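Colleague: A single structure is presented below for examination.
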Amino acid sequence: MPSFSEIGRLLGLKSKNSVSKLISRLEGMKALRRDSKGRLTALSTALPLKVLGAVEAGFPSPAEEELVDTLSLDDLLIKNREATFLLKVSGDSMIEAGILPGDMVLVERGREARSGDIVIAEVDGKWTMKYLEKRGGSVTLRPANPKYGEIRPKTELKIAGVVTSVIRKYK
């Protein structure tokens, strides 16, 4: 989230007191909250959606609409709000994992990256998204597209987070 000064500049507010009042209002509306360190965190502004049952993806079956539950997509997709961020995907190295250019991925910081996880990593100063493979003391980043090769860090590997969800919007 932007700082109070940045919010003021973005909204054309000259006083930090005006920004503070706006933030307080947004906190009261449950659109924002402060984390344990006092930083602002956006909360869901989306309303829960109705879950109306299931749909057969194989052979057609009789359909009955029945309100089964309501569900917030934030609650479904995000476990640790403070540690989760969103990235837009560019490139096609993960297409066989179902991650396409233009998709958005939710990434959780601080989560232990295990072999087989899709991670966001800084490798020798460059950023990428790949499968993580750990074997003994060696680490390999593996693409999900045969036209790309595996990556083995030469000097440095930093895992920024683990991909937890892929979001794709049709039309």
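Ordering of the structure tokens sets the chain letters (A, B, ...); residue numbers start at 1 within each chain; ligands are numbered from 1 in the order shown.
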Give the helix (DSSP H, G or I) residues of chain A, as DSSP finds them on the backbone, and put them as a PDB file with C-alpha atoms, in the first residue's frame.

Modeller:
```
ATOM      1  CA  PHE A   4       0.168   8.593   3.638  1.00  0.00           C
ATOM      2  CA  SER A   5       2.234  11.085   1.586  1.00  0.00           C
ATOM      3  CA  GLU A   6       1.783   9.030  -1.580  1.00  0.00           C
ATOM      4  CA  ILE A   7      -1.970   8.725  -0.956  1.00  0.00           C
ATOM      5  CA  GLY A   8      -2.149  12.502  -0.490  1.00  0.00           C
ATOM      6  CA  ARG A   9      -0.340  13.123  -3.782  1.00  0.00           C
ATOM      7  CA  LEU A  10      -2.459  10.551  -5.657  1.00  0.00           C
ATOM      8  CA  LEU A  11      -5.723  12.056  -4.406  1.00  0.00           C
ATOM      9  CA  LYS A  16      -1.746  14.450   6.137  1.00  0.00           C
ATOM     10  CA  ASN A  17      -4.686  15.006   8.495  1.00  0.00           C
ATOM     11  CA  SER A  18      -7.073  14.720   5.508  1.00  0.00           C
ATOM     12  CA  VAL A  19      -5.357  11.495   4.467  1.00  0.00           C
ATOM     13  CA  SER A  20      -5.574  10.207   8.040  1.00  0.00           C
ATOM     14  CA  LYS A  21      -9.325  10.898   8.151  1.00  0.00           C
ATOM     15  CA  LEU A  22      -9.779   9.103   4.817  1.00  0.00           C
ATOM     16  CA  ILE A  23      -7.795   6.096   6.065  1.00  0.00           C
ATOM     17  CA  SER A  24      -9.868   5.996   9.265  1.00  0.00           C
ATOM     18  CA  ARG A  25     -13.060   5.989   7.204  1.00  0.00           C
ATOM     19  CA  LEU A  26     -11.776   3.190   4.985  1.00  0.00           C
ATOM     20  CA  GLU A  27     -10.797   1.207   8.097  1.00  0.00           C
ATOM     21  CA  GLY A  28     -14.323   1.715   9.459  1.00  0.00           C
ATOM     22  CA  LEU A  73     -12.873 -15.411  -3.215  1.00  0.00           C
ATOM     23  CA  ASP A  74     -10.410 -13.743  -0.831  1.00  0.00           C
ATOM     24  CA  ASP A  75     -11.186 -16.368   1.808  1.00  0.00           C
ATOM     25  CA  LEU A  76     -10.862 -19.155  -0.746  1.00  0.00           C
ATOM     26  CA  LEU A  77      -7.602 -18.018  -2.346  1.00  0.00           C
ATOM     27  CA  ARG A  81      -3.180 -11.698   3.620  1.00  0.00           C
ATOM     28  CA  GLU A  82      -0.135  -9.783   4.888  1.00  0.00           C
ATOM     29  CA  ALA A  83       2.280 -12.112   3.083  1.00  0.00           C
ATOM     30  CA  ILE A  95       2.192 -23.083 -20.032  1.00  0.00           C
ATOM     31  CA  GLU A  96       2.151 -26.822 -19.314  1.00  0.00           C
ATOM     32  CA  ALA A  97       1.444 -25.973 -15.680  1.00  0.00           C
TER      33      ALA A  97
END
```

Colleague: Run DSSP on the backbone of this structure and report the residues of stretch 4-171 of chain A it assigns to strand (DSSP E), as an MDAnalysis selection string.

Modeller: chainID A and resid 32:34 40:42 49:51 69:71 84:88 104:108 118:123 126:135 138:142 157:167

Colleague: Suppose you want the space between atom CA of A:Thr70 and atom CA of A:Leu43; what is it in Å?

Modeller: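 Separation between atom CA of A:Thr70 and atom CA of A:Leu43: 17.8 Å.
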
Colleague: Please provide the set of residues having any atom within 7 Å of stretch 129-139 of chain A, restricted to only C-alpha atoms, with same-chain residues fewer than 4 positions apart removed, written as a CSV table (one decimal) with N, CA and C atoms, in the first residue's frame.

Modeller:
```csv
chain,number,residue,atom,x,y,z
A,94,MET,N,5.7,-21.5,-18.4
A,94,MET,CA,4.9,-22.3,-17.5
A,94,MET,C,3.6,-22.7,-18.1
A,115,SER,N,10.2,-28.9,-2.8
A,115,SER,CA,10.4,-29.4,-4.1
A,115,SER,C,9.0,-29.7,-4.8
A,116,GLY,N,8.9,-29.2,-6.0
A,116,GLY,CA,7.6,-29.4,-6.7
A,116,GLY,C,6.7,-28.1,-6.7
A,117,ASP,N,7.0,-27.2,-5.8
A,117,ASP,CA,6.3,-26.0,-5.7
A,117,ASP,C,6.7,-25.1,-6.9
A,118,ILE,N,5.7,-24.2,-7.4
A,118,ILE,CA,6.0,-23.2,-8.3
A,118,ILE,C,6.4,-22.0,-7.5
A,119,VAL,N,7.6,-21.4,-7.8
A,119,VAL,CA,8.1,-20.3,-7.0
A,119,VAL,C,8.4,-19.1,-7.9
A,120,ILE,N,8.5,-18.0,-7.2
A,120,ILE,CA,9.0,-16.7,-7.8
A,120,ILE,C,10.4,-16.6,-7.2
A,121,ALA,N,11.4,-16.6,-8.0
A,121,ALA,CA,12.8,-16.6,-7.5
A,121,ALA,C,13.7,-15.6,-8.3
A,143,PRO,N,11.3,-25.3,-16.0
A,143,PRO,CA,10.1,-24.7,-16.7
A,143,PRO,C,9.1,-25.7,-17.0
A,152,ARG,N,20.0,-23.5,-13.2
A,152,ARG,CA,20.8,-23.8,-12.0
A,152,ARG,C,21.5,-22.6,-11.6
```

Colleague: Residues at most 10 Å from A:Ser90, counting only C-alpha atoms, excluding those fewer than 5 positions away in the same chain, as a list of chain:residue names?

Modeller: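 Those residues are A:Ile99, A:Leu100, A:Pro101, A:Gly102, A:Asp103, A:Met104, A:Thr128, A:Met129.
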
Colleague: Those residues you just picked out, can you put them in a file as a tab-separated table (two decimals), in the first residue's frame with N, CA and C atoms?

Modeller:
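Now in part_35.tsv:
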```tsv
chain	number	residue	atom	x	y	z
A	99	ILE	N	-0.31	-22.06	-16.63
A	99	ILE	CA	-0.09	-20.64	-16.34
A	99	ILE	C	0.29	-19.96	-17.66
A	100	LEU	N	-0.58	-19.07	-18.14
A	100	LEU	CA	-0.43	-18.46	-19.45
A	100	LEU	C	-0.08	-16.98	-19.34
A	101	PRO	N	0.53	-16.42	-20.41
A	101	PRO	CA	0.78	-14.98	-20.41
A	101	PRO	C	-0.53	-14.22	-20.19
A	102	GLY	N	-0.48	-13.20	-19.33
A	102	GLY	CA	-1.67	-12.42	-19.01
A	102	GLY	C	-2.38	-12.89	-17.76
A	103	ASP	N	-2.13	-14.13	-17.33
A	103	ASP	CA	-2.71	-14.62	-16.08
A	103	ASP	C	-2.14	-13.81	-14.91
A	104	MET	N	-2.80	-13.88	-13.79
A	104	MET	CA	-2.30	-13.30	-12.55
A	104	MET	C	-2.01	-14.47	-11.60
A	128	THR	N	12.34	-14.91	-12.11
A	128	THR	CA	11.64	-15.92	-12.91
A	128	THR	C	10.60	-16.65	-12.06
A	129	MET	N	9.72	-17.36	-12.75
A	129	MET	CA	8.74	-18.24	-12.09
A	129	MET	C	8.96	-19.63	-12.68
```

Colleague: Quick check, in Å to one decimal: how far apart do atom CA of A:Glu108 and atom CA of A:Ser72 lie?

Modeller: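 So the two atoms, atom CA of A:Glu108 and atom CA of A:Ser72, lie 18.4 Å apart.
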
Colleague: Which neighbours of stretch 154-160 of chain A fall inside 8 Å, counting only C-alpha atoms, when residues of the same chain fewer than 5 positions from it are skipped, and could you give them as number ranges by chain?

Modeller: A: 109-110, 113, 119-125

Colleague: Taking 6 positions as the minimum chain separation for residues in the same chain, which residues sit within 10 Å of A:Leu86 when counting only C-alpha atoms? Answer as a list in words.

Modeller: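 Selected residues are Met104, Val105, Leu106, Val107, Glu108, Val163, Ser165, Val166 and Ile167 of chain A.
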
Colleague: Counting only C-alpha atoms, which of A:Ser3, A:Lys147, A:Thr140, A:Arg111 gets nearest to A:Gly38?

Modeller: A:Ser3
